[in-house]
$ cat data26.txt   # compact mmCIF, C-alpha atoms (C1' of nucleotides)
# COMPACT_ATOMS: atom_id res chain seq x y z
CA MET G 85 -5.61 -44.17 -19.40
CA THR G 86 -3.35 -42.31 -17.07
CA GLY G 87 -4.79 -43.81 -13.93
CA THR G 88 -7.34 -43.37 -11.24
CA ARG G 89 -9.45 -40.32 -10.80
CA ALA G 90 -7.51 -39.03 -7.83
CA ALA G 91 -4.29 -39.29 -9.81
CA GLU G 92 -5.75 -37.16 -12.57
CA THR G 93 -6.78 -34.55 -10.04
CA ALA G 94 -3.29 -34.51 -8.60
CA ALA G 95 -1.83 -34.23 -12.09
CA ARG G 96 -4.07 -31.25 -12.76
CA LYS G 97 -2.76 -29.52 -9.64
CA VAL G 98 0.78 -30.14 -10.79
CA ARG G 99 0.00 -28.75 -14.23
CA LEU G 100 -1.58 -25.67 -12.68
CA ILE G 101 1.50 -24.90 -10.59
CA ALA G 102 3.72 -25.52 -13.58
CA ALA G 103 1.64 -23.27 -15.78
CA ALA G 104 1.68 -20.48 -13.22
CA THR G 105 5.44 -20.74 -12.83
CA ALA G 106 5.98 -20.77 -16.57
CA LEU G 107 3.84 -17.71 -17.10
CA ALA G 108 5.60 -15.95 -14.23
CA ALA G 109 8.95 -16.77 -15.81
CA GLU G 110 7.82 -15.22 -19.06
CA GLY G 111 6.19 -12.04 -17.85
CA GLY G 112 6.17 -11.76 -14.08
CA TYR G 113 3.22 -11.34 -11.75
CA GLU G 114 0.95 -9.55 -14.19
CA ALA G 115 1.48 -12.19 -16.84
CA VAL G 116 0.10 -14.84 -14.53
CA GLN G 117 -3.49 -14.36 -15.61
CA MET G 118 -5.94 -16.86 -14.27
CA ARG G 119 -7.58 -17.49 -17.64
CA ASP G 120 -4.16 -18.16 -19.17
CA VAL G 121 -3.05 -20.41 -16.32
CA ALA G 122 -6.20 -22.46 -16.75
CA ALA G 123 -5.81 -22.60 -20.51
CA ARG G 124 -2.16 -23.61 -20.37
CA ALA G 125 -2.89 -26.32 -17.84
CA GLU G 126 -5.82 -27.44 -20.00
CA VAL G 127 -8.28 -27.00 -17.20
CA ALA G 128 -11.42 -24.94 -16.82
CA LEU G 129 -11.21 -21.67 -14.95
CA GLY G 130 -13.63 -22.94 -12.32
CA THR G 131 -11.37 -25.92 -11.70
CA LEU G 132 -8.40 -23.71 -11.13
CA TYR G 133 -10.38 -21.84 -8.51
CA ARG G 134 -11.54 -25.08 -6.94
CA HIS G 135 -7.93 -25.99 -6.21
CA TYR G 136 -6.43 -22.57 -5.53
CA ALA G 137 -8.82 -20.05 -4.13
CA SER G 138 -7.00 -17.04 -5.56
CA LYS G 139 -4.13 -15.99 -7.75
CA ASP G 140 -2.01 -15.23 -4.71
CA GLN G 141 -2.66 -18.60 -3.14
CA LEU G 142 -1.72 -20.27 -6.39
CA LEU G 143 1.58 -18.43 -6.48
CA LEU G 144 2.18 -19.06 -2.80
CA ALA G 145 1.67 -22.75 -3.32
CA ALA G 146 4.26 -22.61 -6.08
CA MET G 147 6.57 -20.69 -3.78
CA ALA G 148 6.17 -23.15 -0.93
CA GLN G 149 7.21 -25.92 -3.27
CA GLN G 150 10.18 -23.95 -4.49
CA ALA G 151 11.27 -23.11 -0.95
CA ALA G 152 11.16 -26.78 0.00
CA THR G 153 13.20 -27.65 -3.08
CA LEU G 154 15.72 -24.96 -2.25
CA ARG G 155 16.11 -26.32 1.24
CA GLU G 156 16.71 -29.84 -0.03
CA ARG G 157 19.32 -28.67 -2.48
CA LEU G 158 21.14 -26.77 0.23
CA VAL G 159 21.09 -29.73 2.55
CA LEU G 160 22.68 -31.87 -0.15
CA ARG G 161 25.59 -29.54 -0.69
CA PRO G 162 26.59 -28.59 2.83
CA PRO G 163 27.90 -25.06 3.32
CA ASN G 164 31.53 -24.08 3.26
CA GLY G 165 33.01 -22.32 6.24
CA ASP G 166 34.25 -22.90 9.75
CA THR G 167 32.39 -20.28 11.71
CA PRO G 168 28.60 -20.00 11.84
CA SER G 169 28.90 -16.54 10.35
CA ALA G 170 30.81 -17.83 7.33
CA ARG G 171 28.43 -20.73 6.78
CA VAL G 172 25.35 -18.53 6.97
CA SER G 173 26.89 -16.06 4.57
CA ASP G 174 27.70 -18.85 2.16
CA VAL G 175 24.24 -20.35 2.22
CA LEU G 176 22.40 -17.07 1.91
CA ARG G 177 24.66 -16.05 -0.94
CA ARG G 178 23.93 -19.23 -2.81
CA ALA G 179 20.22 -19.00 -2.13
CA SER G 180 20.10 -15.42 -3.29
CA ARG G 181 21.96 -16.22 -6.45
CA SER G 182 19.55 -19.02 -7.12
CA LEU G 183 16.58 -16.71 -6.68
CA GLU G 184 18.17 -14.00 -8.78
CA ARG G 185 18.55 -16.44 -11.62
CA SER G 186 14.80 -16.26 -12.31
CA PRO G 187 14.01 -12.72 -11.30
CA LEU G 188 10.51 -12.60 -12.73
CA VAL G 189 9.44 -15.76 -10.97
CA THR G 190 10.92 -14.63 -7.69
CA LYS G 191 9.29 -11.24 -7.94
CA ALA G 192 5.93 -12.75 -8.79
CA MET G 193 6.14 -14.94 -5.73
CA LEU G 194 7.18 -12.08 -3.51
CA ALA G 195 4.23 -10.10 -4.79
CA ALA G 196 1.97 -12.96 -3.76
CA MET G 197 3.74 -13.05 -0.41
CA SER G 198 2.47 -9.59 0.38
CA SER G 199 -1.15 -10.40 -0.20
CA ALA G 200 -3.43 -9.52 2.66
CA GLU G 201 -5.84 -12.45 2.42
CA GLU G 202 -6.63 -14.23 5.64
CA ALA G 203 -6.70 -17.49 3.77
CA ALA G 204 -3.11 -17.08 2.68
CA ILE G 205 -1.71 -17.05 6.20
CA PRO G 206 -1.10 -20.80 6.51
CA LEU G 207 0.81 -20.89 3.24
CA LYS G 208 2.86 -17.88 4.22
CA LEU G 209 3.63 -19.43 7.58
CA GLU G 210 4.81 -22.57 5.87
CA ILE G 211 7.11 -20.63 3.57
CA ASP G 212 8.40 -18.51 6.42
CA THR G 213 9.13 -21.59 8.47
CA THR G 214 11.02 -23.25 5.64
CA LEU G 215 13.19 -20.21 5.05
CA ARG G 216 13.99 -19.84 8.72
CA ALA G 217 14.76 -23.54 8.89
CA ILE G 218 17.33 -23.07 6.16
CA ILE G 219 19.10 -20.55 8.35
CA ALA G 220 18.71 -22.52 11.55
CA ASP G 221 20.06 -25.66 9.92
CA VAL G 222 23.23 -23.85 9.09
CA VAL G 223 23.84 -21.79 12.19
CA ASP G 224 23.46 -24.81 14.34
CA GLU G 225 25.53 -27.10 12.12
CA GLY G 226 27.37 -29.62 14.23
CA HIS G 227 25.72 -28.26 17.32
CA CYS G 228 29.06 -26.80 18.25
CA THR G 229 27.92 -23.26 18.97
CA THR G 230 26.31 -21.65 21.94
CA PHE G 231 24.63 -18.33 21.40
CA ALA G 232 22.66 -16.83 24.18
CA ASP G 233 19.64 -16.09 22.02
CA LEU G 234 19.84 -18.37 19.03
CA ASP G 235 16.15 -18.07 18.24
CA GLY G 236 16.39 -14.32 18.27
CA ILE G 237 19.37 -14.37 15.93
CA VAL G 238 17.65 -16.66 13.48
CA ARG G 239 14.57 -14.48 13.60
CA VAL G 240 16.60 -11.36 12.84
CA LEU G 241 18.45 -13.04 10.00
CA GLY G 242 15.15 -14.22 8.55
CA SER G 243 13.80 -10.70 8.73
CA VAL G 244 16.85 -9.28 7.02
CA TRP G 245 16.62 -11.89 4.30
CA PHE G 246 12.98 -11.12 3.73
CA ALA G 247 13.57 -7.39 3.69
CA GLU G 248 16.51 -7.70 1.32
CA LEU G 249 14.46 -9.80 -1.06
CA THR G 250 11.71 -7.22 -0.95
CA TYR G 251 14.09 -4.33 -1.56
CA TRP G 252 15.70 -6.19 -4.41
CA SER G 253 12.35 -7.02 -5.90
CA SER G 254 11.31 -3.37 -5.83
CA GLY G 255 14.60 -2.13 -7.22
CA LEU G 256 15.23 -0.21 -4.02
CA ASN G 257 18.82 -1.27 -3.60
CA PRO G 258 21.56 1.00 -4.79
CA SER G 259 23.08 -0.84 -7.69
CA SER G 260 26.38 -1.30 -5.93
CA SER G 261 25.02 -3.36 -3.05
CA SER G 262 23.89 -6.88 -3.71
CA MET G 263 21.58 -8.96 -1.59
CA GLY G 264 24.36 -11.42 -0.97
CA ASP G 265 26.73 -8.80 0.39
CA ASN G 266 24.17 -7.23 2.66
CA LEU G 267 23.18 -10.60 4.03
CA ALA G 268 26.77 -11.53 4.67
CA SER G 269 27.32 -8.28 6.49
CA ALA G 270 24.27 -8.88 8.67
CA ALA G 271 25.45 -12.38 9.47
CA GLN G 272 28.83 -10.97 10.42
CA LEU G 273 27.22 -8.41 12.72
CA LEU G 274 25.09 -10.99 14.47
CA LEU G 275 27.37 -14.01 14.58
CA GLY G 276 30.86 -12.76 14.02
CA MET C 338 -13.35 32.63 -2.72
CA THR C 339 -10.81 30.35 -1.25
CA GLY C 340 -7.89 31.88 -3.07
CA THR C 341 -5.74 31.53 -6.13
CA ARG C 342 -5.97 28.70 -8.56
CA ALA C 343 -2.78 27.04 -7.38
CA ALA C 344 -4.06 27.12 -3.83
CA GLU C 345 -7.21 25.33 -4.88
CA THR C 346 -5.16 22.68 -6.63
CA ALA C 347 -3.07 22.21 -3.53
CA ALA C 348 -6.20 22.01 -1.43
CA ARG C 349 -7.53 19.32 -3.73
CA LYS C 350 -4.39 17.26 -3.22
CA VAL C 351 -4.76 17.63 0.52
CA ARG C 352 -8.40 16.56 0.34
CA LEU C 353 -7.43 13.54 -1.77
CA ILE C 354 -4.87 12.35 0.75
CA ALA C 355 -7.30 12.97 3.58
CA ALA C 356 -10.06 11.08 1.81
CA ALA C 357 -7.78 8.14 1.11
CA THR C 358 -6.64 8.02 4.72
CA ALA C 359 -10.19 8.26 6.02
CA LEU C 360 -11.39 5.45 3.78
CA ALA C 361 -8.40 3.35 4.79
CA ALA C 362 -9.20 3.96 8.43
CA GLU C 363 -12.75 2.76 7.88
CA GLY C 364 -12.17 -0.33 5.80
CA GLY C 365 -8.52 -0.88 4.98
CA TYR C 366 -6.85 -1.17 1.61
CA GLU C 367 -9.83 -2.57 -0.26
CA ALA C 368 -12.08 0.19 1.00
CA VAL C 369 -9.85 2.80 -0.61
CA GLN C 370 -11.65 2.71 -3.93
CA MET C 371 -10.60 5.32 -6.40
CA ARG C 372 -14.17 6.33 -7.25
CA ASP C 373 -14.91 6.79 -3.57
CA VAL C 374 -11.74 8.72 -2.88
CA ALA C 375 -12.58 11.07 -5.70
CA ALA C 376 -16.18 11.43 -4.56
CA ARG C 377 -15.24 12.09 -0.94
CA ALA C 378 -12.68 14.68 -1.95
CA GLU C 379 -15.27 16.21 -4.29
CA VAL C 380 -13.04 15.81 -7.27
CA ALA C 381 -13.47 14.03 -10.59
CA LEU C 382 -11.88 10.63 -11.03
CA GLY C 383 -9.68 11.94 -13.82
CA THR C 384 -8.36 14.65 -11.53
CA LEU C 385 -7.42 12.13 -8.90
CA TYR C 386 -5.43 10.28 -11.54
CA ARG C 387 -3.84 13.50 -12.70
CA HIS C 388 -2.33 14.03 -9.26
CA TYR C 389 -1.67 10.44 -8.19
CA ALA C 390 -0.98 8.05 -11.01
CA SER C 391 -2.30 5.01 -9.18
CA LYS C 392 -3.97 3.85 -6.01
CA ASP C 393 -0.65 2.68 -4.63
CA GLN C 394 1.06 5.97 -5.31
CA LEU C 395 -1.79 7.77 -3.60
CA LEU C 396 -1.39 5.63 -0.51
CA LEU C 397 2.38 5.93 -0.61
CA ALA C 398 2.10 9.71 -0.72
CA ALA C 399 -0.10 9.50 2.34
CA MET C 400 2.43 7.21 3.99
CA ALA C 401 5.36 9.48 3.21
CA GLN C 402 3.53 12.30 4.92
CA GLN C 403 2.74 10.17 7.92
CA ALA C 404 6.33 8.98 8.18
CA ALA C 405 7.56 12.54 8.18
CA THR C 406 5.04 13.45 10.87
CA LEU C 407 6.10 10.48 12.94
CA ARG C 408 9.71 11.53 12.72
CA GLU C 409 8.91 15.06 13.84
CA ARG C 410 6.93 13.85 16.79
CA LEU C 411 9.76 11.58 17.87
CA VAL C 412 12.28 14.37 17.58
CA LEU C 413 10.15 16.55 19.83
CA ARG C 414 9.99 13.98 22.60
CA PRO C 415 13.51 12.67 22.78
CA PRO C 416 13.91 9.02 23.69
CA ASN C 417 14.48 7.71 27.17
CA GLY C 418 17.53 5.60 27.87
CA ASP C 419 21.26 5.80 28.42
CA THR C 420 22.55 3.21 26.00
CA PRO C 421 21.89 3.29 22.24
CA SER C 422 20.19 -0.07 22.60
CA ALA C 423 17.74 1.25 25.16
CA ARG C 424 17.02 4.40 23.17
CA VAL C 425 16.38 2.49 19.97
CA SER C 426 14.10 0.07 21.77
CA ASP C 427 12.19 2.95 23.25
CA VAL C 428 11.70 4.77 19.98
CA LEU C 429 10.73 1.71 18.01
CA ARG C 430 8.30 0.69 20.70
CA ARG C 431 6.65 4.08 20.62
CA ALA C 432 6.55 4.13 16.85
CA SER C 433 5.05 0.66 16.69
CA ARG C 434 2.41 1.53 19.21
CA SER C 435 1.55 4.59 17.22
CA LEU C 436 1.18 2.53 14.04
CA GLU C 437 -0.82 -0.15 15.80
CA ARG C 438 -3.29 2.45 16.93
CA SER C 439 -4.72 2.69 13.39
CA PRO C 440 -4.19 -0.84 12.16
CA LEU C 441 -6.29 -0.53 9.02
CA VAL C 442 -4.48 2.58 7.86
CA THR C 443 -1.10 1.09 8.56
CA LYS C 444 -1.97 -2.11 6.75
CA ALA C 445 -3.31 -0.24 3.76
CA MET C 446 -0.09 1.71 3.51
CA LEU C 447 2.03 -1.40 3.86
CA ALA C 448 0.03 -2.99 1.08
CA ALA C 449 0.85 -0.03 -1.12
CA MET C 450 4.47 -0.34 -0.05
CA SER C 451 4.67 -3.72 -1.71
CA SER C 452 3.46 -2.53 -5.07
CA ALA C 453 5.73 -3.41 -7.95
CA GLU C 454 5.30 -0.24 -10.01
CA GLU C 455 8.45 1.35 -11.31
CA ALA C 456 6.92 4.74 -10.74
CA ALA C 457 6.52 4.07 -7.05
CA ILE C 458 10.22 3.64 -6.40
CA PRO C 459 11.00 7.28 -5.56
CA LEU C 460 8.18 7.43 -3.04
CA LYS C 461 9.25 4.19 -1.47
CA LEU C 462 12.82 5.38 -1.28
CA GLU C 463 11.68 8.53 0.47
CA ILE C 464 9.71 6.54 3.03
CA ASP C 465 12.54 4.11 3.54
CA THR C 466 14.97 6.96 4.07
CA THR C 467 12.74 8.63 6.62
CA LEU C 468 12.29 5.44 8.62
CA ARG C 469 16.01 4.73 8.62
CA ALA C 470 16.66 8.32 9.63
CA ILE C 471 14.46 7.82 12.66
CA ILE C 472 16.70 4.98 13.73
CA ALA C 473 19.93 6.72 12.86
CA ASP C 474 18.90 9.86 14.77
CA VAL C 475 18.54 7.83 17.89
CA VAL C 476 21.50 5.49 17.68
CA ASP C 477 23.78 8.37 17.11
CA GLU C 478 22.25 10.60 19.77
CA GLY C 479 24.90 12.74 21.30
CA HIS C 480 27.46 11.31 18.96
CA CYS C 481 28.89 9.50 21.93
CA THR C 482 29.04 6.04 20.39
CA THR C 483 31.48 4.36 18.10
CA PHE C 484 30.31 1.28 16.32
CA ALA C 485 32.51 -0.22 13.70
CA ASP C 486 29.72 -0.52 11.13
CA LEU C 487 27.07 1.95 12.13
CA ASP C 488 25.54 2.03 8.67
CA GLY C 489 25.25 -1.71 8.60
CA ILE C 490 23.58 -1.76 12.00
CA VAL C 491 21.05 0.85 10.99
CA ARG C 492 20.37 -1.03 7.79
CA VAL C 493 19.73 -4.26 9.68
CA LEU C 494 17.49 -2.54 12.20
CA GLY C 495 15.54 -0.95 9.38
CA SER C 496 15.11 -4.34 7.75
CA VAL C 497 13.91 -5.91 10.96
CA TRP C 498 11.46 -3.08 11.50
CA PHE C 499 10.11 -3.47 7.99
CA ALA C 500 9.83 -7.23 8.28
CA GLU C 501 8.14 -7.01 11.67
CA LEU C 502 5.62 -4.54 10.30
CA THR C 503 4.93 -6.87 7.41
CA TYR C 504 4.53 -9.90 9.64
CA TRP C 505 2.24 -8.00 11.93
CA SER C 506 0.21 -6.72 9.02
CA SER C 507 -0.26 -10.26 7.71
CA GLY C 508 -1.10 -11.68 11.09
CA LEU C 509 1.97 -13.91 10.92
CA ASN C 510 3.19 -13.22 14.42
CA PRO C 511 2.36 -15.66 17.17
CA SER C 512 -0.02 -13.76 19.37
CA SER C 513 2.37 -13.72 22.27
CA SER C 514 5.12 -11.77 20.53
CA SER C 515 4.58 -8.11 19.83
CA MET C 516 6.42 -6.01 17.29
CA GLY C 517 7.78 -3.87 20.08
CA ASP C 518 9.34 -6.81 21.92
CA ASN C 519 10.89 -8.28 18.82
CA LEU C 520 12.37 -4.95 17.85
CA ALA C 521 13.78 -4.41 21.30
CA SER C 522 15.36 -7.84 21.20
CA ALA C 523 16.94 -7.12 17.83
CA ALA C 524 18.28 -3.81 19.10
CA GLN C 525 19.74 -5.60 22.09
CA LEU C 526 21.43 -8.16 19.86
CA LEU C 527 22.96 -5.53 17.63
CA LEU C 528 23.80 -2.76 20.03
CA GLY C 529 23.83 -4.28 23.46
C1' DC W 508 -9.48 41.29 -26.45
C1' DG W 509 -8.10 36.59 -28.07
C1' DC W 510 -5.61 32.51 -27.68
C1' DG W 511 -3.23 28.50 -25.99
C1' DA W 512 -1.95 25.88 -21.95
C1' DA W 513 -3.23 23.80 -17.94
C1' DC W 514 -6.65 22.07 -15.37
C1' DC W 515 -11.23 20.45 -14.29
C1' DT W 516 -15.78 17.55 -14.80
C1' DA W 517 -18.82 13.71 -16.11
C1' DG W 518 -19.01 9.50 -17.65
C1' DA W 519 -18.20 5.61 -20.89
C1' DA W 520 -15.22 1.80 -21.76
C1' DC W 521 -11.69 -1.81 -21.01
C1' DG W 522 -8.99 -5.59 -18.59
C1' DT W 523 -8.48 -8.92 -15.22
C1' DG W 524 -9.55 -11.27 -10.71
C1' DT W 525 -13.41 -13.54 -9.04
C1' DT W 526 -18.04 -15.61 -8.71
C1' DG W 527 -22.07 -17.99 -10.33
C1' DC W 528 -24.66 -21.08 -13.14
C1' DA W 529 -26.24 -24.95 -16.06
C1' DG W 530 -25.11 -28.83 -17.35
C1' DG W 531 -21.86 -33.23 -18.12
C1' DT W 532 -19.26 -37.59 -16.15
C1' DG W 533 -17.20 -41.00 -13.28
C1' DT W 534 -17.44 -43.31 -8.48
C1' DG W 535 -18.95 -45.42 -4.42
C1' DA W 536 -23.06 -46.73 -1.34
C1' DC W 537 -26.87 -49.30 -0.95
C1' DG Y 151 -29.12 -50.61 -11.07
C1' DT Y 152 -29.47 -46.29 -9.49
C1' DC Y 153 -28.90 -42.55 -6.59
C1' DA Y 154 -26.05 -39.02 -4.41
C1' DC Y 155 -22.06 -36.73 -4.73
C1' DA Y 156 -17.73 -34.89 -6.00
C1' DC Y 157 -15.52 -33.06 -9.75
C1' DC Y 158 -15.22 -31.22 -14.30
C1' DT Y 159 -16.39 -27.93 -18.39
C1' DG Y 160 -17.78 -23.66 -20.72
C1' DC Y 161 -19.37 -19.33 -20.26
C1' DA Y 162 -21.78 -15.27 -18.54
C1' DA Y 163 -21.58 -11.70 -15.19
C1' DC Y 164 -19.68 -8.58 -11.72
C1' DA Y 165 -16.27 -5.32 -9.33
C1' DC Y 166 -12.80 -2.19 -9.30
C1' DG Y 167 -8.32 -0.16 -11.11
C1' DT Y 168 -7.31 2.30 -14.99
C1' DT Y 169 -7.76 4.76 -19.44
C1' DC Y 170 -10.04 7.56 -22.69
C1' DT Y 171 -13.15 11.03 -24.66
C1' DA Y 172 -15.57 15.39 -25.04
C1' DG Y 173 -16.23 19.42 -23.42
C1' DG Y 174 -15.98 23.41 -19.80
C1' DT Y 175 -13.26 26.99 -16.93
C1' DT Y 176 -9.33 29.87 -15.51
C1' DC Y 177 -4.84 31.95 -16.13
C1' DG Y 178 -1.27 34.54 -18.24
C1' DC Y 179 0.61 36.65 -22.36
C1' DG Y 180 0.66 38.92 -26.95

$ encode --input "data26.txt" --output "structure tokens"
Amino acid sequence: MTGTRAAETAARKVRLIAAATALAAEGGYEAVQMRDVAARAEVALGTLYRHYASKDQLLLAAMAQQAATLRERLVLRPPNGDTPSARVSDVLRRASRSLERSPLVTKAMLAAMSSAEEAAIPLKLEIDTTLRAIIADVVDEGHCTTFADLDGIVRVLGSVWFAELTYWSSGLNPSSSSMGDNLASAAQLLLG
Amino acid sequence: MTGTRAAETAARKVRLIAAATALAAEGGYEAVQMRDVAARAEVALGTLYRHYASKDQLLLAAMAQQAATLRERLVLRPPNGDTPSARVSDVLRRASRSLERSPLVTKAMLAAMSSAEEAAIPLKLEIDTTLRAIIADVVDEGHCTTFADLDGIVRVLGSVWFAELTYWSSGLNPSSSSMGDNLASAAQLLLG
DNA sequence: CGCGAACCTAGAACGTGTTGCAGGTGTGAC
DNA sequence: GTCACACCTGCAACACGTTCTAGGTTCGCG
């Protein structure tokens, strides 16, 4: 029918990620129930666990994919702005808006991000690396800038981004301040 | 015996926090099991839930207390250093060392910090405020400094602190880099 | 005193993540 | 051909956070 055995297995993994994302979009982290994910992907529960060892790893895999997609999209439409500070602000603003567009999905993935499992570390590292790469891409655009401690700056910006996402996800931000504004202000402090 | 009824209730709450902290110290977040907390505090499970509506709120209450204690201790021993950057580095280093001394407790509390419950927001805000106050106390020491955007700087430093704690708690940091060093470098970038 | 409110206990019960088991089925080695 | 193996299904079972129930005790107020 659809192809070789390996292809079917790959298709199942795709369906599982899609099912998890769909359920997250509908009801957030708690709505991503393993029995439901398996059912929606038309797969047995045991099979789901064969491919993704836990709920958090499933969501992290989905997040890694989404982070990679986000990076590609941002590379396609290069940032507006002359100074590094302006470009970083622009990119982080766009990225934040994109994440805010599906709040339940984003929050579900952030919840998974704060899992304590040893086994989740590689996935988290991958995600972390991708997000930092998004920033580094942009700061260094055109190679025309020389900051004494570029790595340090990128690290700080990554931390601020992560913290802002977490605050936003918990509803800790005063309503007046948006992620985008706070990120722009941090970029200004560090690069401006 | 021990006193009035209200005093006994208060004592129970103290015992509950102590039990939770002790269990966290022994086995981390997962070892803080509600049945065990109740048993160790010699209190019925229902009573535990009467005082702390969830495991995360229990741990957050413990964390709020610990944050307040940390702040007091830091106020008592004022920081070393002439420049704001040096003072902030010093304080954050000391605080990090203090938190690293009981890694399981710290990690358990950070896990609770990333709970998504609505009801946990006030507690998280309180903790967040205390931690930022620790930084603000020190930057502003002696009132002798004028930064254009002091609030923004404190906010960024707080974010970096939070993110570093989270990375450390997940084991995401390359072994060579310690929280203390990364925080000092961020302080240097922002204040130096 | 007598009563209601607030609090406590013991323990059963429920939901959901996770694991385990007892088979089925297709694939590649020999 | 057939054997081993990897993968799948369906389902039972377990653990722990959380909720609920049924009843007991203490406090303050008329």

$ residues_around --input "data26.txt" --residues "Ala445 of chain C" --least-positions-apart "6" --cutoff "7 Å" --atoms "all atoms listed in the file" --output "list in words"
Ala361, Gly365 and Tyr366 of chain C

$ closest_atom_pairs --input "data26.txt" --of "chain G" --to "chain C" --cutoff "10 Å" --atoms "all atoms listed in the file" --output "JSON lines"
{"residue": "G:Tyr113", "atom": "CA", "partner": "C:Ala453", "partner_atom": "CA", "distance": 9.1}
{"residue": "G:Glu114", "atom": "CA", "partner": "C:Ala453", "partner_atom": "CA", "distance": 10.0}
{"residue": "G:Lys191", "atom": "CA", "partner": "C:Ala453", "partner_atom": "CA", "distance": 8.6}
{"residue": "G:Ala192", "atom": "CA", "partner": "C:Ala453", "partner_atom": "CA", "distance": 9.4}
{"residue": "G:Leu194", "atom": "CA", "partner": "C:Ser451", "partner_atom": "CA", "distance": 8.9}
{"residue": "G:Ala195", "atom": "CA", "partner": "C:Ser451", "partner_atom": "CA", "distance": 7.1}
{"residue": "G:Ala196", "atom": "CA", "partner": "C:Ser451", "partner_atom": "CA", "distance": 9.8}
{"residue": "G:Met197", "atom": "CA", "partner": "C:Ser451", "partner_atom": "CA", "distance": 9.5}
{"residue": "G:Ser198", "atom": "CA", "partner": "C:Ser451", "partner_atom": "CA", "distance": 6.6}
{"residue": "G:Ser199", "atom": "CA", "partner": "C:Ala448", "partner_atom": "CA", "distance": 7.6}
{"residue": "G:Ala200", "atom": "CA", "partner": "C:Ser507", "partner_atom": "CA", "distance": 6.0}
{"residue": "G:Glu201", "atom": "CA", "partner": "C:Ser507", "partner_atom": "CA", "distance": 8.0}
{"residue": "G:Glu202", "atom": "CA", "partner": "C:Ser507", "partner_atom": "CA", "distance": 7.8}
{"residue": "G:Ala204", "atom": "CA", "partner": "C:Ser507", "partner_atom": "CA", "distance": 8.9}
{"residue": "G:Ile205", "atom": "CA", "partner": "C:Leu509", "partner_atom": "CA", "distance": 6.8}
{"residue": "G:Pro206", "atom": "CA", "partner": "C:Leu509", "partner_atom": "CA", "distance": 8.7}
{"residue": "G:Lys208", "atom": "CA", "partner": "C:Leu509", "partner_atom": "CA", "distance": 7.8}
{"residue": "G:Leu209", "atom": "CA", "partner": "C:Leu509", "partner_atom": "CA", "distance": 6.7}
{"residue": "G:Asp212", "atom": "CA", "partner": "C:Leu509", "partner_atom": "CA", "distance": 9.1}
{"residue": "G:Ala232", "atom": "CA", "partner": "C:Leu526", "partner_atom": "CA", "distance": 9.8}
{"residue": "G:Asp233", "atom": "CA", "partner": "C:Leu526", "partner_atom": "CA", "distance": 8.4}
{"residue": "G:Gly236", "atom": "CA", "partner": "C:Ser522", "partner_atom": "CA", "distance": 7.2}
{"residue": "G:Ile237", "atom": "CA", "partner": "C:Leu526", "partner_atom": "CA", "distance": 7.6}
{"residue": "G:Arg239", "atom": "CA", "partner": "C:Ala523", "partner_atom": "CA", "distance": 8.8}
{"residue": "G:Val240", "atom": "CA", "partner": "C:Val497", "partner_atom": "CA", "distance": 6.4}
{"residue": "G:Leu241", "atom": "CA", "partner": "C:Val497", "partner_atom": "CA", "distance": 8.5}
{"residue": "G:Gly242", "atom": "CA", "partner": "C:Val497", "partner_atom": "CA", "distance": 8.7}
{"residue": "G:Ser243", "atom": "CA", "partner": "C:Val497", "partner_atom": "CA", "distance": 5.3}
{"residue": "G:Val244", "atom": "CA", "partner": "C:Ser496", "partner_atom": "CA", "distance": 5.3}
{"residue": "G:Trp245", "atom": "CA", "partner": "C:Ser496", "partner_atom": "CA", "distance": 8.4}
{"residue": "G:Phe246", "atom": "CA", "partner": "C:Ala500", "partner_atom": "CA", "distance": 6.8}
{"residue": "G:Ala247", "atom": "CA", "partner": "C:Ser496", "partner_atom": "CA", "distance": 5.3}
{"residue": "G:Glu248", "atom": "CA", "partner": "C:Ser496", "partner_atom": "CA", "distance": 7.4}
{"residue": "G:Thr250", "atom": "CA", "partner": "C:Ser451", "partner_atom": "CA", "distance": 7.9}
{"residue": "G:Tyr251", "atom": "CA", "partner": "C:Ser496", "partner_atom": "CA", "distance": 9.4}
{"residue": "G:Ser253", "atom": "CA", "partner": "C:Ala453", "partner_atom": "CA", "distance": 7.8}
{"residue": "G:Ser254", "atom": "CA", "partner": "C:Ala453", "partner_atom": "CA", "distance": 6.0}
{"residue": "G:Gly255", "atom": "CA", "partner": "C:Ile458", "partner_atom": "CA", "distance": 7.3}
{"residue": "G:Leu256", "atom": "CA", "partner": "C:Leu462", "partner_atom": "CA", "distance": 6.7}
{"residue": "G:Asn257", "atom": "CA", "partner": "C:Leu462", "partner_atom": "CA", "distance": 9.3}
{"residue": "G:Asn266", "atom": "CA", "partner": "C:Gly489", "partner_atom": "CA", "distance": 8.2}
{"residue": "G:Leu267", "atom": "CA", "partner": "C:Val493", "partner_atom": "CA", "distance": 9.2}
{"residue": "G:Ser269", "atom": "CA", "partner": "C:Gly489", "partner_atom": "CA", "distance": 7.2}
{"residue": "G:Ala270", "atom": "CA", "partner": "C:Val493", "partner_atom": "CA", "distance": 6.6}
{"residue": "G:Ala271", "atom": "CA", "partner": "C:Val493", "partner_atom": "CA", "distance": 9.9}
{"residue": "G:Leu273", "atom": "CA", "partner": "C:Leu527", "partner_atom": "CA", "distance": 7.1}
{"residue": "G:Leu274", "atom": "CA", "partner": "C:Leu527", "partner_atom": "CA", "distance": 6.7}
{"residue": "G:Leu275", "atom": "CA", "partner": "C:Leu526", "partner_atom": "CA", "distance": 9.9}

$ closest_residue --input "data26.txt" --among "Y:DC153, Y:DC177, Y:DA163, Y:DC158" --to "Arg134 of chain G" --atoms "all atoms listed in the file"
Y:DC158
